[in-house]
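**Q** Pasting a structure here, questions to come.
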Amino acid sequence: GSTQGFVSPDLVPTAGLTVAKSGYTVLLDKDGTAGAIGVGTALGTCNASAAQPWSSFAATADPITPGSTGTRYFATDTRGTIFYNNTAPIGTTIVQSATVLPVQ
């Protein structure tokens with residue numbers, strides 16, 4: 001029964017899909033992996049979202065100026081693990097590899 005969303009208001013984009021925060025560009029989007037599906041309509045969400053809800057999500061945080069505002073790239077998804085890469089953006093399809101590793 002609340003009008004308050006589940007995401008902190010300073011992380012809700014007002015234009016586009018990203019928000020700048022603490023030297024990083026933060027993106028919250030649908031999960032890029034196969035199997036993510038739309039699960040309703042924007043108007044049917046509890047907080048009157050502007051976008052269709054999806055079965056799973058991904059979030060990324062990339063330095064605005066690599067090497068200056070940040071040195072690592074981060075991502076997480078429905079699994080709840082935070083991954084990082086020291087050299088390149090991870091994207092919304094997160095696959096662990098030699099360079100994409102979980103934060104320990």
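Letters A, B, ... go to the chains of the structure tokens in the order shown; residues in each chain start at 1; ligands are counted from 1 in the same order.
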I want to know what sits within 6 Å of stretch 73-86 of chain A, based on only C-alpha atoms, with residues of the same chain fewer than 2 positions away left out; could you give that as a compact mmCIF listing (two decimals) with C-alpha atoms, in the first residue's frame?
**A**
# COMPACT_ATOMS: atom_id res chain seq x y z
CA SER A 56 14.97 -11.62 -13.30
CA PHE A 57 17.21 -8.54 -13.16
CA ALA A 58 20.81 -7.49 -13.60
CA ALA A 59 22.59 -4.42 -12.26
CA THR A 60 25.95 -3.03 -13.31
CA ALA A 61 28.23 -0.30 -12.00
CA ASP A 62 30.96 0.98 -14.31
CA PRO A 89 32.39 -3.79 -18.29
CA THR A 99 38.41 -12.12 -15.49
CA VAL A 100 34.81 -11.97 -14.17
CA LEU A 101 35.06 -13.10 -10.55
CA PRO A 102 32.86 -13.00 -7.46
CA VAL A 103 33.78 -10.48 -4.76
**Q** Can you pull out every residue within 12 Å of A:Ser68, counting only C-alpha atoms, but drop anything in the same chain fewer than 5 positions away, and send it as an MDAnalysis selection string?
**A** chainID A and resid 22:24 62:63
**Q** What would the file look like if the residues just selected were written as a CSV table (one decimal), in the first residue's frame with N, CA, C and O atoms?
**A**
chain,number,residue,atom,x,y,z
A,22,SER,N,28.5,8.2,-7.0
A,22,SER,CA,29.8,8.0,-6.4
A,22,SER,C,30.8,7.6,-7.5
A,22,SER,O,31.6,6.7,-7.3
A,23,GLY,N,30.8,8.3,-8.6
A,23,GLY,CA,31.9,8.0,-9.6
A,23,GLY,C,31.6,6.9,-10.6
A,23,GLY,O,32.4,6.5,-11.4
A,24,TYR,N,30.4,6.3,-10.4
A,24,TYR,CA,30.0,5.1,-11.2
A,24,TYR,C,28.7,5.4,-12.0
A,24,TYR,O,27.9,6.1,-11.5
A,62,ASP,N,29.7,0.8,-13.6
A,62,ASP,CA,31.0,1.0,-14.3
A,62,ASP,C,31.5,2.3,-14.0
A,62,ASP,O,30.8,3.3,-13.9
A,63,PRO,N,32.9,2.4,-13.8
A,63,PRO,CA,33.4,3.7,-13.5
A,63,PRO,C,33.1,4.8,-14.6
A,63,PRO,O,33.2,4.4,-15.8
**Q** Using only C-alpha atoms, find the one residue out of A:Val7, A:Ile64, A:Ala98, A:Ala51 that sits nearest to A:Lys21.
**A**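 The shortest atom-to-atom distance to A:Lys21 comes from A:Ile64.
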**Q** Would you return as a VMD selection string the members of chain A that DSSP assigns to strand (DSSP E or B) on this structure's backbone?
**A** chain A and resid 18 to 21 24 to 30 38 54 57 to 63 66 70 73 to 77 82 to 85 101 to 102
**Q** So, with only C-alpha atoms as the atoms that count, which of A:Ala36, A:Leu28, A:Ile90, A:Gln52 lies closest to A:Ser8?
**A** A:Leu28
**Q** Go ahead and compute the interatomic distance for atom CA of A:Val19 and atom CA of A:Ser49, in Å to one decimal.
**A** 16.3 Å
**Q** Using only C-alpha atoms, which residue out of A:Gln104, A:Ser55, A:Thr45, A:Thr65 lies closest to A:Asp29?
**A**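 Smallest separation from A:Asp29 among the options: A:Ser55.
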**Q** Among stretch 1-103 of chain A, which residues does DSSP mark as helix (DSSP H, G or I) when it is run on the backbone? Keep the chain and numbering as in the structure and answer as JSON, numbers by chain.
**A** {"A": [9, 10, 11, 42, 43, 44]}
